[in-house]
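**Student:** For reference, this is coords-v1.txt, and it has compact mmCIF, C-alpha atoms.
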# COMPACT_ATOMS: atom_id res chain seq x y z
CA MET A 1 14.17 37.72 -4.55
CA ILE A 2 10.80 36.19 -5.41
CA ASP A 3 8.06 38.45 -6.64
CA TRP A 4 5.19 38.62 -4.12
CA LYS A 5 2.73 38.63 -7.01
CA LEU A 6 4.09 35.24 -8.06
CA GLN A 7 3.69 33.95 -4.52
CA VAL A 8 0.03 35.03 -4.51
CA VAL A 9 -0.70 33.46 -7.88
CA VAL A 10 0.95 30.17 -6.91
CA SER A 11 -0.85 30.20 -3.54
CA ILE A 12 -4.18 30.48 -5.32
CA GLY A 13 -3.06 27.63 -7.53
CA MET A 14 -2.26 25.57 -4.43
CA LEU A 15 -5.72 26.21 -2.97
CA PHE A 16 -7.25 25.04 -6.24
CA TYR A 17 -5.01 21.97 -6.02
CA PHE A 18 -6.34 21.15 -2.54
CA PHE A 19 -9.95 21.64 -3.65
CA VAL A 20 -9.42 19.23 -6.53
CA LEU A 21 -7.94 16.73 -4.05
CA ILE A 22 -10.92 17.00 -1.71
CA TYR A 23 -13.29 16.66 -4.67
CA PHE A 24 -11.66 13.41 -5.75
CA LEU A 25 -11.65 12.11 -2.18
CA LYS A 26 -15.36 12.88 -1.86
CA LYS A 27 -16.14 11.15 -5.11
CA LYS A 28 -14.15 8.16 -3.83
CA GLN A 29 -11.96 8.29 -6.90
CA LEU A 30 -8.91 8.51 -4.68
CA THR A 31 -8.21 6.10 -1.84
CA THR A 32 -7.01 7.75 1.32
CA LYS A 33 -3.76 5.82 0.87
CA TYR A 34 -2.81 7.71 -2.28
CA ALA A 35 -4.50 10.90 -1.15
CA LEU A 36 -2.00 11.06 1.71
CA LEU A 37 0.75 11.15 -0.88
CA TRP A 38 -0.80 14.10 -2.69
CA ILE A 39 -1.61 15.91 0.55
CA PHE A 40 2.02 15.55 1.60
CA ALA A 41 3.23 16.82 -1.80
CA GLY A 42 0.82 19.74 -1.58
CA VAL A 43 1.99 20.68 1.91
CA VAL A 44 5.65 20.62 0.82
CA MET A 45 4.89 22.79 -2.20
CA PHE A 46 2.86 25.22 -0.13
CA VAL A 47 5.75 25.59 2.33
CA MET A 48 8.08 26.30 -0.58
CA VAL A 49 5.75 28.98 -1.88
CA LEU A 50 5.43 30.67 1.50
CA PHE A 51 9.14 30.39 2.33
CA PRO A 52 11.12 30.52 -0.94
CA GLN A 53 14.24 31.19 1.14
CA ILE A 54 14.34 27.43 1.83
CA LEU A 55 14.65 26.73 -1.88
CA THR A 56 17.32 29.38 -2.37
CA PHE A 57 19.28 28.07 0.61
CA PHE A 58 19.39 24.46 -0.57
CA ALA A 59 20.02 25.45 -4.19
CA GLY A 60 23.12 27.30 -3.02
CA ILE A 61 24.37 24.25 -1.05
CA PHE A 62 23.93 21.82 -3.92
CA GLY A 63 25.47 24.16 -6.47
CA PHE A 64 22.54 25.01 -8.68
CA ASP A 65 22.99 28.18 -10.75
CA VAL A 66 19.40 29.21 -10.28
CA PRO A 67 17.00 28.08 -7.51
CA ALA A 68 14.38 27.31 -10.15
CA ASN A 69 16.69 24.63 -11.59
CA MET A 70 16.70 22.80 -8.27
CA LEU A 71 12.92 23.07 -8.04
CA PHE A 72 12.52 21.51 -11.47
CA ALA A 73 15.13 18.82 -10.76
CA VAL A 74 13.38 17.83 -7.54
CA ILE A 75 9.96 17.82 -9.18
CA PHE A 76 11.16 15.68 -12.09
CA PHE A 77 12.83 13.25 -9.73
CA CYS A 78 9.64 12.96 -7.67
CA ILE A 79 7.58 12.40 -10.81
CA PHE A 80 9.85 9.59 -11.94
CA VAL A 81 9.67 7.88 -8.56
CA LEU A 82 5.91 8.31 -8.56
CA LEU A 83 5.65 6.78 -12.04
CA ILE A 84 7.69 3.77 -11.00
CA PHE A 85 5.39 3.40 -8.00
CA LEU A 86 2.30 3.70 -10.19
CA THR A 87 3.54 1.11 -12.67
CA SER A 88 4.09 -1.25 -9.75
CA VAL A 89 0.52 -0.60 -8.59
CA ALA A 90 -0.70 -1.34 -12.11
CA THR A 91 1.29 -4.58 -12.13
CA LYS A 92 -0.18 -5.66 -8.82
CA LEU A 93 -3.69 -4.85 -10.02
CA ASN A 94 -3.09 -6.78 -13.21
CA ASP A 95 -1.97 -9.83 -11.23
CA ARG A 96 -5.09 -9.67 -9.07
CA VAL A 97 -7.35 -9.37 -12.10
CA THR A 98 -5.63 -12.40 -13.65
CA LYS A 99 -6.19 -14.45 -10.49
CA LEU A 100 -9.81 -13.33 -10.33
CA THR A 101 -10.41 -14.21 -13.98
CA GLN A 102 -8.93 -17.64 -13.51
CA SER A 103 -11.00 -18.17 -10.38
CA VAL A 104 -14.20 -17.13 -12.16
CA ALA A 105 -13.45 -19.34 -15.15
CA LEU A 106 -12.87 -22.41 -13.02
CA LEU A 107 -16.02 -21.64 -11.01
CA GLU A 108 -18.00 -21.31 -14.26
CA LYS A 109 -16.89 -24.78 -15.26
CA ARG A 110 -17.98 -26.24 -11.93
CA VAL A 111 -21.35 -24.49 -12.06
CA ARG A 112 -21.94 -25.57 -15.65
CA GLU A 113 -21.12 -29.18 -14.85
CA LEU A 114 -23.34 -29.03 -11.74
CA GLU A 115 -26.21 -27.69 -13.86
CA GLN A 116 -25.70 -30.43 -16.42
CA GLN A 117 -25.59 -33.01 -13.64
CA THR A 118 -28.81 -31.69 -12.05
CA ALA A 119 -30.52 -31.58 -15.44
CA SER A 120 -29.57 -35.16 -16.28
CA ASP A 121 -30.52 -36.32 -12.75
CA LYS A 122 -33.95 -34.76 -13.25
CA LYS A 123 -34.32 -36.46 -16.65
CA GLU A 124 -33.51 -39.81 -15.08
CA GLU A 125 -36.15 -39.25 -12.38
CA GLU A 126 -38.77 -38.44 -14.99
CA THR A 127 -38.11 -41.50 -17.09
CA VAL A 128 -38.19 -43.83 -14.04
CA MET B 1 -33.83 -12.11 15.38
CA ARG B 2 -31.39 -13.88 13.09
CA THR B 3 -27.78 -13.25 13.93
CA LEU B 4 -24.60 -13.96 11.98
CA ILE B 5 -21.06 -14.03 13.33
CA ILE B 6 -18.48 -12.89 10.78
CA ILE B 7 -15.06 -14.43 11.39
CA PRO B 8 -12.37 -12.89 9.20
CA ALA B 9 -9.38 -15.23 8.99
CA TYR B 10 -6.00 -14.88 7.36
CA ASN B 11 -3.51 -17.66 8.11
CA GLU B 12 -5.13 -18.72 11.36
CA GLU B 13 -4.55 -22.47 11.10
CA GLY B 14 -3.49 -22.50 14.75
CA SER B 15 -6.57 -20.90 16.23
CA ILE B 16 -9.52 -21.05 13.86
CA LEU B 17 -10.89 -24.35 15.16
CA THR B 18 -10.68 -23.30 18.80
CA THR B 19 -12.40 -20.05 17.87
CA ILE B 20 -15.29 -21.96 16.30
CA GLU B 21 -15.43 -24.25 19.35
CA ASP B 22 -15.58 -21.19 21.60
CA ILE B 23 -18.52 -19.83 19.61
CA ARG B 24 -20.31 -23.18 19.54
CA THR B 25 -19.96 -23.37 23.34
CA TYR B 26 -21.34 -19.94 24.24
CA ALA B 27 -23.56 -19.19 21.26
CA PRO B 28 -24.64 -22.50 19.73
CA ASP B 29 -27.84 -20.91 18.43
CA VAL B 30 -26.03 -18.33 16.32
CA ASP B 31 -24.94 -18.77 12.68
CA PHE B 32 -21.40 -17.99 11.68
CA VAL B 33 -19.38 -17.63 8.49
CA VAL B 34 -15.59 -17.72 8.25
CA ILE B 35 -14.19 -15.38 5.61
CA ASN B 36 -10.96 -17.02 4.52
CA ASP B 37 -8.93 -14.13 3.09
CA CYS B 38 -6.91 -16.24 0.66
CA SER B 39 -4.83 -17.81 3.43
CA THR B 40 -1.56 -19.33 2.34
CA ASP B 41 -1.35 -21.84 5.20
CA ASN B 42 -3.73 -24.72 5.96
CA THR B 43 -6.61 -22.59 7.16
CA LYS B 44 -8.77 -23.50 4.17
CA GLU B 45 -8.12 -27.26 4.43
CA ILE B 46 -8.76 -27.26 8.18
CA LEU B 47 -12.06 -25.45 7.69
CA MET B 48 -13.18 -27.70 4.84
CA GLN B 49 -12.42 -30.78 6.88
CA ALA B 50 -14.38 -29.40 9.83
CA GLY B 51 -17.31 -28.73 7.52
CA ALA B 52 -17.51 -25.14 8.71
CA ASN B 53 -19.44 -22.44 6.88
CA VAL B 54 -16.70 -20.76 4.82
CA VAL B 55 -16.32 -18.16 2.13
CA ASN B 56 -12.98 -18.42 0.33
CA LEU B 57 -11.80 -15.17 -1.20
CA PRO B 58 -9.90 -15.75 -4.50
CA ILE B 59 -7.42 -12.98 -3.72
CA ASN B 60 -6.29 -11.37 -0.48
CA LEU B 61 -8.28 -8.24 0.35
CA GLY B 62 -7.14 -7.45 3.88
CA ILE B 63 -9.25 -7.10 7.02
CA GLY B 64 -11.47 -4.38 5.52
CA GLY B 65 -12.38 -6.31 2.40
CA GLY B 66 -12.77 -9.56 4.32
CA VAL B 67 -15.15 -8.18 6.92
CA GLN B 68 -17.09 -6.31 4.24
CA THR B 69 -17.60 -9.61 2.42
CA GLY B 70 -19.11 -10.89 5.65
CA TYR B 71 -21.48 -7.92 5.77
CA GLN B 72 -22.50 -8.55 2.16
CA TYR B 73 -23.18 -12.18 3.07
CA ALA B 74 -25.25 -11.01 6.04
CA LEU B 75 -27.22 -8.62 3.83
CA GLU B 76 -27.84 -11.19 1.11
CA ASN B 77 -29.10 -13.72 3.64
CA GLY B 78 -31.33 -11.31 5.50
CA TYR B 79 -29.67 -11.33 8.90
CA ASP B 80 -30.88 -8.83 11.52
CA ILE B 81 -27.62 -8.65 13.43
CA ALA B 82 -24.05 -9.20 12.27
CA ILE B 83 -21.18 -9.62 14.72
CA GLN B 84 -17.49 -9.28 13.90
CA PHE B 85 -15.38 -11.80 15.78
CA ASP B 86 -11.65 -12.33 15.24
CA GLY B 87 -10.41 -15.71 14.09
CA ASP B 88 -7.16 -15.50 16.09
CA GLY B 89 -8.63 -16.45 19.45
CA GLN B 90 -8.30 -13.02 21.05
CA HIS B 91 -12.04 -12.52 21.40
CA MET B 92 -14.09 -14.40 23.97
CA ALA B 93 -17.37 -15.91 22.83
CA GLU B 94 -18.95 -15.67 26.29
CA TYR B 95 -19.57 -11.99 25.62
CA LEU B 96 -21.42 -12.58 22.35
CA HIS B 97 -24.87 -12.41 23.85
CA ASP B 98 -23.93 -9.29 25.85
CA LEU B 99 -22.96 -7.73 22.55
CA MET B 100 -26.25 -8.65 20.89
CA ALA B 101 -28.57 -7.64 23.72
CA PRO B 102 -28.70 -3.84 23.25
CA ILE B 103 -29.41 -4.26 19.54
CA GLU B 104 -32.10 -6.83 20.23
CA ARG B 105 -33.68 -4.41 22.69
CA GLY B 106 -33.53 -1.67 20.07
CA GLU B 107 -31.27 0.52 22.21
CA ALA B 108 -28.35 0.70 19.83
CA ASN B 109 -27.41 0.24 16.20
CA ILE B 110 -23.80 -0.69 16.89
CA THR B 111 -22.29 -2.30 19.96
CA ILE B 112 -18.55 -2.49 20.50
CA GLY B 113 -16.81 -4.89 22.88
CA SER B 114 -14.47 -2.66 24.86
CA ARG B 115 -11.47 -3.79 26.88
CA PHE B 116 -11.10 -0.43 28.56
CA ILE B 117 -14.37 0.11 30.37
CA LYS B 118 -13.73 -2.31 33.20
CA LYS B 119 -10.05 -2.64 32.34
CA GLU B 120 -9.98 -6.41 32.84
CA GLY B 121 -8.22 -9.08 30.87
CA PHE B 122 -5.50 -8.49 28.29
CA GLN B 123 -5.00 -4.75 28.01
CA SER B 124 -2.58 -4.64 25.07
CA SER B 125 0.83 -2.93 25.11
CA ALA B 126 1.35 0.56 26.53
CA LEU B 127 2.21 1.96 23.13
CA ARG B 128 -0.95 0.54 21.60
CA ARG B 129 -3.06 1.83 24.50
CA PHE B 130 -1.66 5.30 24.04
CA GLY B 131 -2.48 5.16 20.36
CA ILE B 132 -6.01 4.01 21.10
CA VAL B 133 -6.55 6.83 23.62
CA PHE B 134 -5.28 9.30 21.03
CA LEU B 135 -7.60 7.95 18.33
CA SER B 136 -10.51 7.96 20.77
CA GLY B 137 -9.91 11.66 21.39
CA LEU B 138 -9.55 12.35 17.70
CA ILE B 139 -12.84 10.65 16.88
CA LYS B 140 -14.53 12.55 19.70
CA MET B 141 -13.23 15.76 18.19
CA LEU B 142 -14.16 14.86 14.63
CA CYS B 143 -17.73 13.67 15.15
CA GLY B 144 -18.61 13.98 18.81
CA VAL B 145 -18.89 10.34 19.80
CA ARG B 146 -16.72 8.96 22.60
CA VAL B 147 -15.62 5.37 22.07
CA HIS B 148 -12.95 3.96 24.36
CA ASP B 149 -11.80 0.90 22.43
CA VAL B 150 -11.66 2.27 18.90
CA THR B 151 -9.63 -0.57 17.40
CA SER B 152 -11.72 -3.37 18.88
CA GLY B 153 -12.72 -5.77 16.15
CA MET B 154 -15.43 -7.22 18.34
CA ARG B 155 -18.58 -5.41 17.39
CA ALA B 156 -22.17 -5.99 16.38
CA ALA B 157 -24.31 -4.15 13.84
CA ASP B 158 -28.02 -3.99 13.13
CA ARG B 159 -29.74 -4.22 9.73
CA LYS B 160 -29.27 -0.56 8.88
CA MET B 161 -25.54 -0.70 9.57
CA ILE B 162 -25.17 -4.05 7.79
CA ALA B 163 -26.55 -2.41 4.66
CA LEU B 164 -24.26 0.59 5.12
CA TYR B 165 -21.12 -1.47 5.62
CA ALA B 166 -21.96 -3.92 2.85
CA GLU B 167 -21.97 -0.95 0.48
CA ASN B 168 -19.05 1.02 1.97
CA TYR B 169 -16.46 -0.25 4.36
CA ALA B 170 -13.03 1.26 4.96
CA GLN B 171 -10.42 -0.97 3.40
CA ASP B 172 -7.31 0.31 5.15
CA TYR B 173 -8.15 1.18 8.77
CA PRO B 174 -11.64 -0.18 9.15
CA GLU B 175 -12.18 -0.22 12.89
CA PRO B 176 -11.84 3.49 13.71
CA GLU B 177 -13.25 4.67 10.40
CA ALA B 178 -16.30 2.43 10.70
CA ILE B 179 -17.16 4.22 13.95
CA VAL B 180 -17.05 7.61 12.24
CA ALA B 181 -19.04 6.27 9.30
CA ALA B 182 -21.70 4.83 11.60
CA ASN B 183 -21.94 8.01 13.65
CA LEU B 184 -22.33 10.19 10.57
CA ALA B 185 -25.10 7.86 9.38
CA GLY B 186 -26.95 8.47 12.62
CA ALA B 187 -26.15 5.25 14.46
CA VAL B 188 -26.37 4.90 18.23
CA ILE B 189 -23.14 3.31 19.39
CA GLU B 190 -22.91 1.50 22.71
CA GLU B 191 -19.84 -0.02 24.32
CA ILE B 192 -19.98 -3.30 26.24
CA PRO B 193 -17.24 -4.18 28.72
CA VAL B 194 -15.45 -7.35 27.61
CA GLN B 195 -12.20 -9.15 28.23
CA MET B 196 -9.88 -10.31 25.51
CA ARG B 197 -7.03 -12.78 25.38
CA GLU B 198 -3.51 -12.25 24.19
CA ARG B 199 -2.74 -13.52 20.71
CA GLN B 200 -2.02 -17.26 21.01
CA SER B 201 -0.56 -18.11 17.61
CA GLY B 202 0.02 -16.56 14.24
CA LYS B 203 1.09 -12.97 13.64
CA SER B 204 -0.86 -9.79 14.08
CA SER B 205 -1.28 -7.82 10.90
CA ILE B 206 -0.14 -4.67 12.74
CA HIS B 207 3.46 -4.98 13.94
CA SER B 208 4.49 -2.89 16.93
CA LEU B 209 7.26 -1.24 14.91
CA LYS B 210 4.74 0.14 12.46
CA SER B 211 2.38 1.31 15.20
CA ILE B 212 3.43 4.96 15.10
CA TYR B 213 3.29 5.07 11.31
CA TYR B 214 -0.13 3.43 11.51
CA MET B 215 -1.29 6.03 14.01
CA ILE B 216 -0.31 8.96 11.78
CA LYS B 217 -1.88 7.39 8.71
CA VAL B 218 -5.12 6.56 10.53
CA SER B 219 -5.42 10.06 11.94
CA ILE B 220 -5.07 11.67 8.55
CA ALA B 221 -7.44 9.14 7.01
CA LEU B 222 -10.06 9.82 9.70
CA ALA B 223 -9.75 13.57 9.23
CA ALA B 224 -10.01 13.16 5.46
CA TYR B 225 -13.07 10.95 5.88
CA ARG B 226 -14.78 13.47 8.15
CA ILE B 227 -14.08 16.34 5.77
CA THR B 228 -15.40 14.50 2.76
CA HIS B 229 -18.58 13.06 4.26
CA ARG B 230 -21.75 14.76 5.34
CA ARG B 231 -23.69 13.93 8.47
CA VAL B 232 -27.07 12.38 7.60
CA LYS B 233 -29.92 14.27 9.24
CA SER B 234 -32.44 11.83 10.71
The structure in this file should be written as structure tokens.

**Tutor:**
Amino acid sequence: MIDWKLQVVVSIGMLFYFFVLIYFLKKKQLTTKYALLWIFAGVVMFVMVLFPQILTFFAGIFGFDVPANMLFAVIFFCIFVLLIFLTSVATKLNDRVTKLTQSVALLEKRVRELEQQTASDKKEEETV
Amino acid sequence: MRTLIIIPAYNEEGSILTTIEDIRTYAPDVDFVVINDCSTDNTKEILMQAGANVVNLPINLGIGGGVQTGYQYALENGYDIAIQFDGDGQHMAEYLHDLMAPIERGEANITIGSRFIKKEGFQSSALRRFGIVFLSGLIKMLCGVRVHDVTSGMRAADRKMIALYAENYAQDYPEPEAIVAANLAGAVIEEIPVQMRERQSGKSSIHSLKSIYYMIKVSIALAAYRITHRRVKS
């Protein structure tokens, strides 16, 4: 049903995918937490490539005309869920940056007033 | 040698003062700093009132970020040895000097207080112990070092490791990953038999229900770490 040439091409693509993943992990541009997500996705995709019968089987059960349609549907669904997750991560990060900024600003005020206090204390000592 | 005890604390209003008392009893000559990880209870107020040496994090970072802050503090202030000591009362201060001794003698770069060498004191739940044995085997396989109590938060580090951890410290599963990181950096790791107490108050940040999930995640994280990091040739 699925052309073996296609399987080979996609397998090479998957290997490239894993190399990119390891590269990002090495460069610390991906925390292990999120890397796990991508590793899991990669493993699932690799299994699909090696055993396309799985896809055909489930596509038949759910009533898809063509197995490819189910593949695309699943991928799109996953992407949407992932995007929602990412926007929530962005929100959380934004909140933390806000708190940090506020903390820094209030600290700046305290330091500035301390400096002014020390400076005026010194001036008083000199004039005495 | 100047030593610093790093006490990470998140919502430990029930035990933080007794922990400090414990340290003052058995190691009165040693400096300490409490890293208050943006506690939402009265931990901060209690510490301020006691006049303890505290660093208050403006946002919650978790155990990894908190302990790493302690290492940065140790580095900035030129300490020779830094010891991690839990703020929940599980660790026993009487073993502090045992922990420091091998580093002071120059025999080790890292010492870990291990519950499972003499198998005395609180031994943790069976499920946890199984997980720890599994992780110990995994670490042995990944980098060749055998550590029995891989999740023990009671450990000491020398200057070289302080600098390493201050720069890079695992944020999610610090205890096992820090062992791998140290080993790859060429550290000599020694385990010291200690006893620990059962958690007296507050809640552990690792619930028993999540233990299995934790175990899987840690294993993958450790493998990923090993694959993506090179061993430093000394």

**Student:** Write out as a list in words each polymer residue whose atoms come within 8 Å of range 139-151 of chain B, counting all atoms listed in the file; drop sequence neighbours fewer than 2 positions from it.

**Tutor:** Ile112, Gly113, Ser114, Arg115, Phe116, Ile117, Ile132, Val133, Leu135, Ser136, Gly137, Gly153, Glu175, Pro176, Ile179, Val180, Asn183, Leu184, Glu191, Leu222, Ala223 and Arg226 of chain B

**Student:** For chain B, which residues have at least one atom within 7 Å of chain A, if we go by all atoms listed in the file? Write them as a list in words, please.

**Tutor:**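 Per the criterion, chain B yields Pro58, Ile59, Ala221, Thr228 and His229 of chain B.
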
**Student:** How far is it from CA of Gly63 in chain A to CA of Met14 in chain A, in Å with one decimal?

**Tutor:**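 Straight-line distance from CA of Gly63 in chain A to CA of Met14 in chain A works out to 27.8 Å.
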
**Student:** Take CA of Leu15 in chain A and CA of Tyr34 in chain A and report the distance between them in Å, one decimal.

**Tutor:**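 CA of Leu15 in chain A sits 18.7 Å away from CA of Tyr34 in chain A.
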
**Student:** Using all atoms listed in the file, determine which residues lie at most 12 Å from Ala41 in chain A, disregarding the query and same-chain residues fewer than 2 positions distant; provide the list as an NGL selection string.

**Tutor:** :A and (14 or 17-18 or 21 or 34-39 or 43-48 or 74-75 or 78-79 or 82)

**Student:** Give the answer as one residue: which of A:Val89, A:Leu30, A:Leu6, A:Val128 has the shortest atom-to-atom distance to Pro52 in chain A, using only C-alpha atoms?

**Tutor:**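 Under the stated criterion, the closest residue is A:Leu6.
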
**Student:** Using Å and a single decimal, report how far CA of Phe80 in chain A sits from CA of Ala59 in chain A.

**Tutor:**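 Value for the CA of Ala59 in chain A-CA of Phe80 in chain A distance: 20.4 Å.
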
**Student:** May I ask which of the residues A:Val20, A:Leu83, A:Ile61, A:Val49 is the closest one to Asp3 in chain A, counting all atoms listed in the file?

**Tutor:** A:Val49

**Student:** Model the absent atoms of range 65-74 of chain B so that all heavy atoms are present, and write the result as a compact mmCIF listing (two decimals), in the frame of the given file.

**Tutor:**
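To be explicit, this is the file written out as selection_28.txt:
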# COMPACT_ATOMS: atom_id res chain seq x y z
N GLY B 65 -11.67 -5.60 3.45
CA GLY B 65 -12.38 -6.31 2.40
C GLY B 65 -13.00 -7.60 2.89
O GLY B 65 -14.12 -7.96 2.50
N GLY B 66 -12.27 -8.30 3.77
CA GLY B 66 -12.77 -9.56 4.32
C GLY B 66 -14.03 -9.37 5.13
O GLY B 66 -15.05 -10.03 4.90
N VAL B 67 -13.98 -8.45 6.07
CA VAL B 67 -15.15 -8.18 6.92
C VAL B 67 -16.31 -7.68 6.09
O VAL B 67 -17.47 -8.06 6.30
CB VAL B 67 -14.78 -7.17 8.02
CG1 VAL B 67 -16.01 -6.62 8.70
CG2 VAL B 67 -13.86 -7.82 9.04
N GLN B 68 -16.02 -6.82 5.09
CA GLN B 68 -17.09 -6.31 4.24
C GLN B 68 -17.78 -7.44 3.49
O GLN B 68 -19.01 -7.43 3.32
CB GLN B 68 -16.54 -5.28 3.25
CG GLN B 68 -17.64 -4.56 2.49
CD GLN B 68 -17.11 -3.59 1.48
OE1 GLN B 68 -15.98 -3.70 1.02
NE2 GLN B 68 -17.92 -2.63 1.10
N THR B 69 -17.00 -8.44 3.07
CA THR B 69 -17.60 -9.61 2.42
C THR B 69 -18.60 -10.25 3.36
O THR B 69 -19.70 -10.66 2.96
CB THR B 69 -16.52 -10.64 2.04
OG1 THR B 69 -15.49 -9.98 1.32
CG2 THR B 69 -17.11 -11.75 1.20
N GLY B 70 -18.22 -10.34 4.63
CA GLY B 70 -19.11 -10.89 5.65
C GLY B 70 -20.40 -10.08 5.75
O GLY B 70 -21.49 -10.66 5.87
N TYR B 71 -20.27 -8.76 5.70
CA TYR B 71 -21.48 -7.92 5.77
C TYR B 71 -22.35 -8.13 4.53
O TYR B 71 -23.59 -8.13 4.60
CB TYR B 71 -21.09 -6.44 5.91
CG TYR B 71 -20.75 -6.06 7.34
CD1 TYR B 71 -19.47 -5.65 7.69
CD2 TYR B 71 -21.71 -6.14 8.34
CE1 TYR B 71 -19.16 -5.32 8.99
CE2 TYR B 71 -21.41 -5.81 9.65
CZ TYR B 71 -20.13 -5.40 9.97
OH TYR B 71 -19.82 -5.08 11.27
N GLN B 72 -21.72 -8.31 3.38
CA GLN B 72 -22.50 -8.55 2.16
C GLN B 72 -23.25 -9.88 2.28
O GLN B 72 -24.41 -10.00 1.88
CB GLN B 72 -21.58 -8.55 0.94
CG GLN B 72 -21.09 -7.15 0.58
CD GLN B 72 -19.98 -7.16 -0.44
OE1 GLN B 72 -19.55 -8.21 -0.91
NE2 GLN B 72 -19.49 -5.98 -0.79
N TYR B 73 -22.56 -10.88 2.85
CA TYR B 73 -23.18 -12.18 3.07
C TYR B 73 -24.37 -12.03 4.02
O TYR B 73 -25.45 -12.60 3.79
CB TYR B 73 -22.13 -13.13 3.65
CG TYR B 73 -22.61 -14.54 3.93
CD1 TYR B 73 -22.54 -15.53 2.95
CD2 TYR B 73 -23.11 -14.89 5.18
CE1 TYR B 73 -22.97 -16.82 3.21
CE2 TYR B 73 -23.53 -16.18 5.46
CZ TYR B 73 -23.45 -17.14 4.47
OH TYR B 73 -23.87 -18.41 4.74
N ALA B 74 -24.18 -11.24 5.06
CA ALA B 74 -25.25 -11.01 6.04
C ALA B 74 -26.44 -10.33 5.37
O ALA B 74 -27.60 -10.68 5.62
CB ALA B 74 -24.75 -10.16 7.20
